[in-house]
Amino acid sequence: MVQSARVDSSAHVRIFSFITMQFRPASLQLQSIPDAIHSSPDGSCLLVLHSVGTQTSLMAYHWETFGSTTGIQVNVPDFPLQNSVLTSIGTRGHVFLLGLDLSSQSIESVAIDITKKVTEFMFKERGGRNFSTSAARYTLHNSLLDCHSDLWTRFPVIPAVRRRTITSSSRRLQKKLTFIADDYDKPFSAYFSSLIQSFEKATRKPTGDELRRLEVTSAPFGRFRTEVVEDRGWNLSQFRVGEWLVDILCLIPIQIAVCRENRFVPFADGVSSAELERSLLGADVSAIVDKLSFGWYESIFQSYLALKPVKVVSSMGQQSVGKSFALNHLVDTSFAGSAMRTTEGVWMSVTPTDEALIVALDFEGVDSVERSPQEDTLLVLFNTAISNLVLFRNNFAFSRDISGLFQSFQSSASVLDPAANPTLFQSTLAIIIKDVVEADKMEITREFSLKFQKIVQEEQDANFISRLHGGKLDIIPWPVIGSKEFYKLFATLKKRLDLQKTSHPTAGEFLHTIKTLMAKLKANDWGALSQTMAEHRARTLASLLSIALSTGFSEVEPDNEPLKNFDTDIVLDSPDSLARFAVSDLDHISPDDVEAHLAALRGSWEPDTPRQLIPDSEWTFQLASYVAGLVDLRVDHVRLWLDSNLERFQAGHAAIEDLRRKFANMVIEMKTNVQLCNAQCASCRLFCIHGRLHEGAHDCQSDHKCSHTCEFCGEDDSKHCGAPAGHPGKHICSVGDHLCGEVCKLASKRGCLGECTKFIGHDDDEHLCSALVHMCGEPCALRRMKMQGGKTYSCPESCSIPSDQDHDVHSCDTRLCPATCELCKRLCDQPHLHGLEPDEHHLCGEAHPCPSVCSAPGTCQIDTSPQSIEATFTGRHETFQYTKYTQVARRLPCAKTVEPGNTSHPGAHIHTKDKPFHFCEARCDNCGYFCTLPLGHAQQEHETSHGSMTQTRWAVDGPDGTSLELGGRKFSSNDEGAPMMCNLVCSSMGRHAHISYCRADEERNCNDPEVQHLGQKMVPDPNKPKDFITHNLYWRRTGFKDPYTRDEQANFAKCDAMCSGPEHAANNGQPSFCTLPMFHPPCNPNDPVTGLGYISNDGHMFDCRNPVVMQQAFHVIFVIDRSGSMSSNDRRPLDNSPATNLIRQRANNRLGAVYSALYSFWSARQVAVAAGQQATAARRDAYSVVLFDHQIAHGVTNDFTSSPDQLLSAVLGHQARGGTNFAAALRAGQTVMSSHWSTERTPIMIFLSDGECSVPDESIQDVCRSAIQLGKPLSFHSVSFGPDTSSSSLRRMAQLALEIQNNAPRDPLMPATANVSSSFSVALDTVRLAETFLGIAESLRKPRGSLLH
């Protein structure tokens, strides 16, 4: 396909050429948007399907006469046009319209004969099967067989790396291909053998006996049904389902990422999702990692083949150089590829082998117009970081500019530091130079080697070969496809891949690495990958920790998921139970939940001895030991889970240490929640087995009745003991039946059993029960004890000291302090009443990690994350959303230990016990990022990765409203700079100057060659004088290392003026810049230039041809308004012009300003032509000047010999007067153009007025159409020399002229870049008018803009 039709929303059809990458000039206006459009396979015509009500019509438009005819009505009666397609059968010239008739369930066809002449466009309906007009039947297209040849051509028959998914336990039979057909007696096998022979001869691709061993048969459907469907003893290959499924899945590539709008955009399950993008706005790296998924490959990496090591091979290079084809033949993948650009972003496929998983990454072409340099840099960074072997294919016939081609590699070399990422950047870069004949091998290799050596010398230690590839570079000249040697080199690449060190020990680890890397690229986090991966792993474990400790599983919904090693998917074998424990995470667990979990644990215990047969202290000890044993099993299991998932990360990492602290605290809480109360039950004398911190009355969780029999009753009449459970003394059913039974004299005391247990009629008068102790019973003295958080605590218990014992302080039988430790969640181990002492601390008696943060100077850790979820930029010209990237400096926890009994440790707080490292505290003034060098570093400049320029605002040179366009976005003065990033904005601007506040006392002191003072005021802070400064000086002033490559820095140091030649402004054109330094003094345009090049009229030197000389000749017709309003003197002739005095004598007014601009234009054109042709050739341009008011005057007509002075004298005699008549002026200009028409000169009409005059559209349309009829379209330029409110007619004239010019047939002898598009301009003053007229002779410069802090 070399061209396609595009239909816009207004039913306007244009033809886009894939060869020129432009729309063809002709266009077609349809009555309505069509239902469908079809392009004929032979590329000769376009069919358009329309529906109006119930009527459907088909129109044909020939490509050769597209836009110039009304089309041909194609009459196809009773044909299902709504369900039709246009295709070819046999050859591209045999075109058929196929329609699906749903009512009859049949396919109808119409054969179409297409000839070059429109009058011979014929349609003949032919029978479906009787296609051939000859008597003999023959086959035109054996698509079911021939498709095999196409498959063998695009994909490998015998790849260099062969997949080994199917193991020996499967039963594989010889491959057999059976065609089920009515004509089964046809020579299928012979045709297939011929197909193989033709394929091998045409491609010279190695096939071994792979194809010849394929058995080809044919059979009728009846035999197939009998032998295969009805006969259950199938003689078929048998595979293990899992292996077969993995083998199929690994043949399917999946898209994993693209680059858009200068951002790296990862996909989830191969799908670009706007919803996913919104959910990831502002997300940190860990959250992004959790959202990423690789579809069917996820379970392969994570589970099925998780233990396999991984090697990554990637293919990169220019567009359409066979990247996918090479990758397919190397590692047996099935990436799509064609002559057109098909790969977008990054695609992944996997080839399982006996030794490893070979992950193949297919990248879209670099250095293309579809991708910005920043997007190329992100793709290259991802590729070089994760790969083991990078194949970079290059077409040496077209691209020998190595430094330009590998600019994205060099740019990415300064982003991620390989030293801080030892698991990344482990690849060899294999430069494959395609289509090299044998005789050129050595010379091509030598040429590329020298160029790469030059890059290394220029970039020194920052060169990408050393930083991204460890200096490992191979240059491989690759033979032309179809030669005998072409496929042999794939074996050489396989050997290189085999020799590469495996940097990904397991597939599970690789999965974690690649997801984290992709997340970091998306979040613009340029910190160490190992740190980010450790943080993510610690965060993942921390999120599952409470579930793991509580249940022994990592997930319980929808199913129980055992604790595994995330990298190997191996279930950890550790003794554990199904017990569940009360463990809180962020929120404290409620007392009811604690008690519920403890009750379940008690219920799971099966004691050996009933409770009341042994001392209750022993029974509760056994219960506590059982519960503690369950806790220990769970803790050991979870500790093993943590250790196995953290073993590959560096010890002492802050996130991991935080996780271990969290684990220790949760274990403490977990053990605290299972501690038994052991206080006396409120209803009996057994111990309370609630939790130690339970609320409410103490309860032994029994019926509180003694289970023993009465010791006083006889054996024949024994009764149960009537005393409370756990009572002291003998068991008695009823005290009144066997003993005194009177009320105990201490009945009011706590612990009293109530009835006297002395013998009936005892001698003394003291009635006493059998209780050993009668407690005091007064409230416990622990009242209003201060707790953490400002709360107070009062003990609800009563004094347990014997009532007959003198005491001043009442104390209950709770042994220990009820408060929690100040440094952990354990309970205080001090006596119950110690909290009454002043300034007492509650401590558990164990050692603790210090709770404070590091107090040493410097920054402990720098966290990079997008802090704004959905930041919105609102500027003068547009509003859009973006992700804002900022950094946060963290103080890490102190690593010292607080000894038991202490609340602090001696000495300063420090975050590591080893030699501490702290970052420099300097921050970039523009983005706020921290210096990543050590505190007190020896380097003169700070270094950082840079982020969003949140501390800046735009300053743009030019009139109010001037905008600077970067990356498709427009910015004006005082717009915020947050959407830009320090390390990328300069690349986006190309050659540029920065704007800074002037540091000189007076303007005359700004004489630095890297400084140019700005005379005019500029926002922000318009009253503060400003300077243009060079890129190099700007970064020196920041104190930070310039983040751009040396090649970019050298480019930024040069002048930003551009040649105005139209060949540079074309779609594929490259701008030509001034070769002098940024703020060079103007050169003399009359000075000779050595070699190719020229000096522009404004003093810039270029090494390209002068656009004035190389352009075609013009007939420039000036149509100038000289009405009475042009006598106004608010605008006057230019100052300091050679002809200023002469013009002022005759016309010191608006008309004089126009004459001044005309003179400058004529002079500039004369100088440029003279300089380009060494003053030996006559001027090729012809000039005409038509002056108009209500009448017409001709100042100059078709003049191509007069000098600028002579031309000026010819027009000075005409003065301003009279009214305004645009229509008459256009007719006069048309007459001049037609009367003096020359095929050598392109007509240009410049129409200038300072006022408004109504003019019908037909006036300008007649002028433009007459030029087309004469042979060339008119380039019409209207210039308003007055207020914009008076410019509507001028603007409308330019719009109509541009439409006609764009739709006109293009001159095939003229390059596309030679066209000068019609335009409308506003010249508000004399200087602007001169600039408008001089635009074709002067250099160009984008508006200068910069971000100011």
# chains A, B, ... in the order shown; residues from 1 in each chain; ligands from 1
>>> residues_around(residues="segment 542-559 of chain A", least_positions_apart="4", cutoff="8 Å", atoms="only C-alpha atoms", output="ChimeraX atom specification")
/A:538,563,576-585,634-635,637-638,659,662-663,666
>>> write_last_selection(atoms="all heavy atoms", output="short mmCIF file (atom, residue, chain, number, x, y, z; two decimals), in the first residue's frame")
data_model
loop_
_atom_site.label_atom_id
_atom_site.label_comp_id
_atom_site.auth_asym_id
_atom_site.auth_seq_id
_atom_site.Cartn_x
_atom_site.Cartn_y
_atom_site.Cartn_z
N ALA A 538 9.66 -4.88 50.46
CA ALA A 538 9.33 -4.63 51.87
C ALA A 538 7.90 -4.14 52.02
O ALA A 538 7.18 -4.54 52.94
CB ALA A 538 10.31 -3.62 52.46
N LEU A 563 2.22 -19.29 52.22
CA LEU A 563 3.36 -18.38 52.19
C LEU A 563 4.41 -18.96 51.26
O LEU A 563 4.85 -20.09 51.42
CB LEU A 563 3.93 -18.21 53.60
CG LEU A 563 2.97 -17.63 54.65
CD1 LEU A 563 3.66 -17.48 55.99
CD2 LEU A 563 2.41 -16.29 54.19
N ASP A 576 3.43 -25.44 61.29
CA ASP A 576 2.52 -24.37 61.70
C ASP A 576 1.18 -25.01 62.02
O ASP A 576 0.99 -26.21 61.89
CB ASP A 576 2.38 -23.32 60.59
CG ASP A 576 1.92 -21.96 61.10
OD1 ASP A 576 1.45 -21.89 62.26
OD2 ASP A 576 2.00 -20.98 60.35
N SER A 577 0.26 -24.21 62.44
CA SER A 577 -1.08 -24.69 62.77
C SER A 577 -2.10 -23.85 62.02
O SER A 577 -1.76 -22.89 61.32
CB SER A 577 -1.33 -24.57 64.28
OG SER A 577 -1.41 -23.19 64.64
N LEU A 578 -3.35 -24.22 62.15
CA LEU A 578 -4.43 -23.46 61.55
C LEU A 578 -4.99 -22.40 62.49
O LEU A 578 -6.02 -21.78 62.21
CB LEU A 578 -5.56 -24.40 61.11
CG LEU A 578 -5.21 -25.40 60.01
CD1 LEU A 578 -6.40 -26.31 59.71
CD2 LEU A 578 -4.78 -24.68 58.74
N ALA A 579 -4.30 -22.22 63.61
CA ALA A 579 -4.75 -21.24 64.60
C ALA A 579 -4.71 -19.83 64.01
O ALA A 579 -3.87 -19.51 63.17
CB ALA A 579 -3.87 -21.31 65.84
N ARG A 580 -5.61 -19.00 64.50
CA ARG A 580 -5.64 -17.61 64.07
C ARG A 580 -5.45 -16.72 65.29
O ARG A 580 -6.00 -16.99 66.35
CB ARG A 580 -6.95 -17.29 63.36
CG ARG A 580 -7.16 -18.15 62.12
CD ARG A 580 -8.01 -17.49 61.09
NE ARG A 580 -7.99 -18.22 59.83
CZ ARG A 580 -8.53 -17.80 58.70
NH1 ARG A 580 -9.15 -16.63 58.70
NH2 ARG A 580 -8.46 -18.51 57.61
N PHE A 581 -4.66 -15.67 65.10
CA PHE A 581 -4.27 -14.81 66.20
C PHE A 581 -4.75 -13.40 65.96
O PHE A 581 -4.93 -12.97 64.81
CB PHE A 581 -2.75 -14.82 66.38
CG PHE A 581 -2.18 -16.18 66.67
CD1 PHE A 581 -1.73 -17.00 65.65
CD2 PHE A 581 -2.12 -16.66 67.98
CE1 PHE A 581 -1.22 -18.25 65.90
CE2 PHE A 581 -1.61 -17.93 68.24
CZ PHE A 581 -1.16 -18.73 67.20
N ALA A 582 -4.93 -12.69 67.05
CA ALA A 582 -5.33 -11.28 66.96
C ALA A 582 -4.10 -10.43 66.72
O ALA A 582 -3.22 -10.34 67.58
CB ALA A 582 -6.03 -10.85 68.25
N VAL A 583 -4.02 -9.84 65.52
CA VAL A 583 -2.88 -8.98 65.17
C VAL A 583 -3.44 -7.75 64.48
O VAL A 583 -4.24 -7.85 63.55
CB VAL A 583 -1.91 -9.71 64.21
CG1 VAL A 583 -0.72 -8.81 63.91
CG2 VAL A 583 -1.44 -11.02 64.81
N SER A 584 -3.05 -6.59 64.94
CA SER A 584 -3.50 -5.35 64.30
C SER A 584 -2.45 -4.89 63.31
O SER A 584 -1.30 -5.32 63.35
CB SER A 584 -3.75 -4.28 65.36
OG SER A 584 -2.54 -3.91 65.98
N ASP A 585 -2.87 -4.00 62.40
CA ASP A 585 -1.92 -3.43 61.44
C ASP A 585 -1.86 -1.93 61.66
O ASP A 585 -1.12 -1.44 62.50
CB ASP A 585 -2.35 -3.77 60.02
CG ASP A 585 -1.27 -3.45 59.00
OD1 ASP A 585 -0.25 -2.87 59.39
OD2 ASP A 585 -1.44 -3.80 57.82
N ARG A 634 3.96 -19.99 64.48
CA ARG A 634 3.54 -18.99 63.49
C ARG A 634 4.64 -17.96 63.27
O ARG A 634 4.94 -17.59 62.12
CB ARG A 634 2.24 -18.31 63.96
CG ARG A 634 1.70 -17.23 63.01
CD ARG A 634 1.31 -17.78 61.65
NE ARG A 634 0.51 -18.98 61.74
CZ ARG A 634 -0.79 -18.98 62.04
NH1 ARG A 634 -1.44 -17.85 62.27
NH2 ARG A 634 -1.46 -20.13 62.10
N VAL A 635 5.25 -17.49 64.33
CA VAL A 635 6.30 -16.48 64.21
C VAL A 635 7.47 -17.04 63.41
O VAL A 635 8.02 -16.37 62.52
CB VAL A 635 6.76 -16.00 65.60
CG1 VAL A 635 8.02 -15.15 65.49
CG2 VAL A 635 5.64 -15.21 66.27
N HIS A 637 7.37 -19.43 61.19
CA HIS A 637 6.92 -19.60 59.81
C HIS A 637 6.98 -18.27 59.06
O HIS A 637 7.51 -18.18 57.94
CB HIS A 637 5.50 -20.15 59.82
CG HIS A 637 5.00 -20.57 58.46
ND1 HIS A 637 3.69 -20.90 58.22
CD2 HIS A 637 5.62 -20.66 57.27
CE1 HIS A 637 3.54 -21.22 56.95
NE2 HIS A 637 4.70 -21.08 56.35
N VAL A 638 6.47 -17.23 59.67
CA VAL A 638 6.46 -15.92 59.01
C VAL A 638 7.87 -15.36 58.90
O VAL A 638 8.22 -14.73 57.89
CB VAL A 638 5.52 -14.95 59.77
CG1 VAL A 638 5.60 -13.55 59.18
CG2 VAL A 638 4.10 -15.46 59.75
N LEU A 659 10.61 -2.84 57.98
CA LEU A 659 9.76 -4.03 57.96
C LEU A 659 10.07 -4.93 59.14
O LEU A 659 9.15 -5.45 59.80
CB LEU A 659 9.96 -4.78 56.64
CG LEU A 659 9.27 -6.14 56.54
CD1 LEU A 659 7.75 -5.99 56.59
CD2 LEU A 659 9.70 -6.86 55.26
N LYS A 662 8.65 -3.53 62.21
CA LYS A 662 7.20 -3.75 62.23
C LYS A 662 6.89 -5.18 62.62
O LYS A 662 5.98 -5.44 63.42
CB LYS A 662 6.62 -3.42 60.86
CG LYS A 662 5.11 -3.63 60.77
CD LYS A 662 4.56 -3.21 59.42
CE LYS A 662 3.05 -3.39 59.37
NZ LYS A 662 2.46 -2.95 58.09
N PHE A 663 7.65 -6.13 62.07
CA PHE A 663 7.46 -7.53 62.41
C PHE A 663 7.68 -7.76 63.90
O PHE A 663 6.88 -8.43 64.57
CB PHE A 663 8.41 -8.38 61.57
CG PHE A 663 8.44 -9.84 61.95
CD1 PHE A 663 7.33 -10.64 61.77
CD2 PHE A 663 9.58 -10.40 62.51
CE1 PHE A 663 7.35 -11.99 62.11
CE2 PHE A 663 9.62 -11.73 62.85
CZ PHE A 663 8.50 -12.53 62.66
N MET A 666 4.81 -6.34 65.86
CA MET A 666 3.58 -7.12 65.71
C MET A 666 3.68 -8.45 66.46
O MET A 666 2.68 -8.94 66.99
CB MET A 666 3.28 -7.35 64.23
CG MET A 666 2.94 -6.06 63.48
SD MET A 666 2.61 -6.30 61.73
CE MET A 666 0.93 -6.89 61.81
#
>>> residues_around(residues="Leu1033 of chain A", least_positions_apart="2", cutoff="12 Å", atoms="only C-alpha atoms", output="list in words")
Ala993, His994, Ile995, Ser996, Asp1008, Pro1009, Glu1010, Val1011, Gln1012, Asp1027, Phe1028, Ile1029, Thr1030, His1031, Trp1035, Arg1036, Arg1037, Thr1038, Gly1039, Phe1040, Lys1041, Asp1042, Gln1049, Phe1052, Ala1053 and Met1078 of chain A
>>> residues_around(residues="Leu1187 of chain A", least_positions_apart="6", cutoff="7 Å", atoms="only C-alpha atoms", output="PyMOL selection string")
chain A and resi 1119-1122+1193-1195
>>> closest_atom_pairs(of="segment 499-563 of chain A", to="segment 383-390 of chain A", cutoff="10 Å", atoms="only C-alpha atoms", output="CSV")
residue,atom,partner,partner_atom,distance
A:Leu499,CA,A:Asn388,CA,9.9
A:Gln500,CA,A:Asn388,CA,6.4
A:Lys501,CA,A:Asn388,CA,7.5
A:Thr502,CA,A:Asn388,CA,7.6
A:Ser503,CA,A:Asn388,CA,7.5
A:His504,CA,A:Ile386,CA,9.2
A:Phe510,CA,A:Ile386,CA,9.0
A:Thr513,CA,A:Ile386,CA,8.2
A:Ile514,CA,A:Ile386,CA,6.9
A:Leu517,CA,A:Ile386,CA,8.1
A:Met518,CA,A:Ile386,CA,9.9
>>> select_by_dssp(residues="segment 988-1207 of chain A", states="strand (DSSP E or B)", output="PyMOL selection string")
chain A and resi 994-997+1011-1014+1026-1029+1040+1054+1058+1073+1077+1094-1095+1101-1102+1113-1121+1182-1188+1192-1199
>>> atom_distance(atom1="atom CA of Thr377 of chain A", atom2="atom CA of Leu424 of chain A")
16.3 Å
>>> residues_around(residues="Val1211 of chain A", least_positions_apart="5", cutoff="12 Å", atoms="only C-alpha atoms", output="list of chain:residue names")
A:Phe1118, A:Ile1120, A:Arg1122, A:Ile1143, A:Arg1146, A:Ala1147, A:Leu1151, A:Gly1152, A:Val1154, A:Tyr1155, A:Ser1156, A:Leu1158, A:Tyr1159, A:Tyr1183, A:Ser1184, A:Val1185, A:Val1186, A:Leu1187, A:Ala1193, A:His1194, A:Gly1195, A:Val1196, A:Thr1197, A:Pro1204, A:Asp1205, A:Gln1206, A:Ala1216
>>> residues_around(residues="Leu1270 of chain A", least_positions_apart="6", cutoff="12 Å", atoms="only C-alpha atoms", output="PDB file with C-alpha atoms, in the first residue's frame")
ATOM      1  CA  GLN A1230      -4.640  40.052 -11.973  1.00  0.00           C
ATOM      2  CA  MET A1233       0.023  38.915 -13.601  1.00  0.00           C
ATOM      3  CA  SER A1234      -1.755  37.654 -16.738  1.00  0.00           C
ATOM      4  CA  SER A1235      -0.199  40.174 -19.127  1.00  0.00           C
ATOM      5  CA  HIS A1236       3.330  39.364 -18.044  1.00  0.00           C
ATOM      6  CA  TRP A1237       2.967  35.633 -17.345  1.00  0.00           C
ATOM      7  CA  SER A1238       6.160  33.626 -17.515  1.00  0.00           C
ATOM      8  CA  THR A1239       6.504  29.899 -16.916  1.00  0.00           C
ATOM      9  CA  ARG A1241       8.462  32.740 -12.519  1.00  0.00           C
ATOM     10  CA  THR A1242       6.015  31.862  -9.755  1.00  0.00           C
ATOM     11  CA  PRO A1243       3.471  34.624  -9.094  1.00  0.00           C
ATOM     12  CA  VAL A1263      -7.346  36.008  -9.387  1.00  0.00           C
ATOM     13  CA  CYS A1264      -6.217  32.676  -7.897  1.00  0.00           C
ATOM     14  CA  ALA A1304      -4.264  23.137  -7.024  1.00  0.00           C
TER      15      ALA A1304
END
>>> select_by_dssp(residues="segment 1031-1209 of chain A", states="helix (DSSP H, G or I)", output="ChimeraX atom specification")
/A:1031-1038,1046-1052,1062-1065,1107-1110,1124-1127,1140-1146,1150-1172,1204-1209
>>> closest_residue(among="A:Cys824, A:Val359, A:Gly754, A:Cys1083", to="Ala664 of chain A", atoms="only C-alpha atoms")
A:Cys824
>>> closest_residue(among="A:Val161, A:Met1058, A:Ala419, A:Ile15", to="Asn1106 of chain A", atoms="only C-alpha atoms")
A:Met1058
>>> decode(residues="segment 623-643 of chain A", atoms="N, CA and C atoms", output="mmCIF file, in the first residue's frame")
data_model
loop_
_atom_site.group_PDB
_atom_site.id
_atom_site.type_symbol
_atom_site.label_atom_id
_atom_site.label_comp_id
_atom_site.auth_asym_id
_atom_site.auth_seq_id
_atom_site.Cartn_x
_atom_site.Cartn_y
_atom_site.Cartn_z
ATOM 1 N N LEU A 623 -1.845 -24.286 79.742
ATOM 2 C CA LEU A 623 -2.603 -23.579 78.710
ATOM 3 C C LEU A 623 -1.766 -22.468 78.083
ATOM 4 N N ALA A 624 -1.108 -21.691 78.924
ATOM 5 C CA ALA A 624 -0.274 -20.603 78.413
ATOM 6 C C ALA A 624 0.852 -21.146 77.547
ATOM 7 N N SER A 625 1.445 -22.285 77.951
ATOM 8 C CA SER A 625 2.532 -22.890 77.170
ATOM 9 C C SER A 625 2.034 -23.374 75.817
ATOM 10 N N TYR A 626 0.827 -23.935 75.798
ATOM 11 C CA TYR A 626 0.262 -24.407 74.526
ATOM 12 C C TYR A 626 0.056 -23.229 73.568
ATOM 13 N N VAL A 627 -0.557 -22.171 74.073
ATOM 14 C CA VAL A 627 -0.807 -21.010 73.221
ATOM 15 C C VAL A 627 0.505 -20.383 72.772
ATOM 16 N N ALA A 628 1.462 -20.274 73.681
ATOM 17 C CA ALA A 628 2.764 -19.701 73.324
ATOM 18 C C ALA A 628 3.453 -20.548 72.261
ATOM 19 N N GLY A 629 3.288 -21.875 72.340
ATOM 20 C CA GLY A 629 3.873 -22.751 71.324
ATOM 21 C C GLY A 629 3.282 -22.501 69.951
ATOM 22 N N LEU A 630 1.961 -22.289 69.887
ATOM 23 C CA LEU A 630 1.330 -21.965 68.606
ATOM 24 C C LEU A 630 1.846 -20.642 68.054
ATOM 25 N N VAL A 631 2.007 -19.692 68.960
ATOM 26 C CA VAL A 631 2.536 -18.394 68.544
ATOM 27 C C VAL A 631 3.941 -18.548 67.977
ATOM 28 N N ASP A 632 4.786 -19.327 68.667
ATOM 29 C CA ASP A 632 6.162 -19.507 68.211
ATOM 30 C C ASP A 632 6.216 -20.174 66.838
ATOM 31 N N LEU A 633 5.343 -21.167 66.608
ATOM 32 C CA LEU A 633 5.310 -21.815 65.292
ATOM 33 C C LEU A 633 4.963 -20.801 64.197
ATOM 34 N N ARG A 634 3.957 -19.988 64.481
ATOM 35 C CA ARG A 634 3.538 -18.992 63.494
ATOM 36 C C ARG A 634 4.640 -17.955 63.266
ATOM 37 N N VAL A 635 5.249 -17.489 64.329
ATOM 38 C CA VAL A 635 6.302 -16.485 64.208
ATOM 39 C C VAL A 635 7.466 -17.040 63.410
ATOM 40 N N ASP A 636 7.866 -18.288 63.677
ATOM 41 C CA ASP A 636 8.974 -18.901 62.942
ATOM 42 C C ASP A 636 8.627 -19.067 61.468
ATOM 43 N N HIS A 637 7.366 -19.428 61.195
ATOM 44 C CA HIS A 637 6.920 -19.597 59.814
ATOM 45 C C HIS A 637 6.982 -18.265 59.061
ATOM 46 N N VAL A 638 6.469 -17.229 59.668
ATOM 47 C CA VAL A 638 6.455 -15.920 59.012
ATOM 48 C C VAL A 638 7.865 -15.355 58.900
ATOM 49 N N ARG A 639 8.698 -15.611 59.907
ATOM 50 C CA ARG A 639 10.088 -15.147 59.840
ATOM 51 C C ARG A 639 10.810 -15.826 58.673
ATOM 52 N N LEU A 640 10.580 -17.108 58.481
ATOM 53 C CA LEU A 640 11.164 -17.815 57.341
ATOM 54 C C LEU A 640 10.663 -17.218 56.032
ATOM 55 N N TRP A 641 9.397 -16.880 55.972
ATOM 56 C CA TRP A 641 8.810 -16.250 54.782
ATOM 57 C C TRP A 641 9.475 -14.905 54.490
ATOM 58 N N LEU A 642 9.666 -14.103 55.515
ATOM 59 C CA LEU A 642 10.336 -12.815 55.325
ATOM 60 C C LEU A 642 11.774 -13.017 54.868
ATOM 61 N N ASP A 643 12.497 -13.902 55.534
ATOM 62 C CA ASP A 643 13.906 -14.117 55.202
ATOM 63 C C ASP A 643 14.076 -14.603 53.770
#
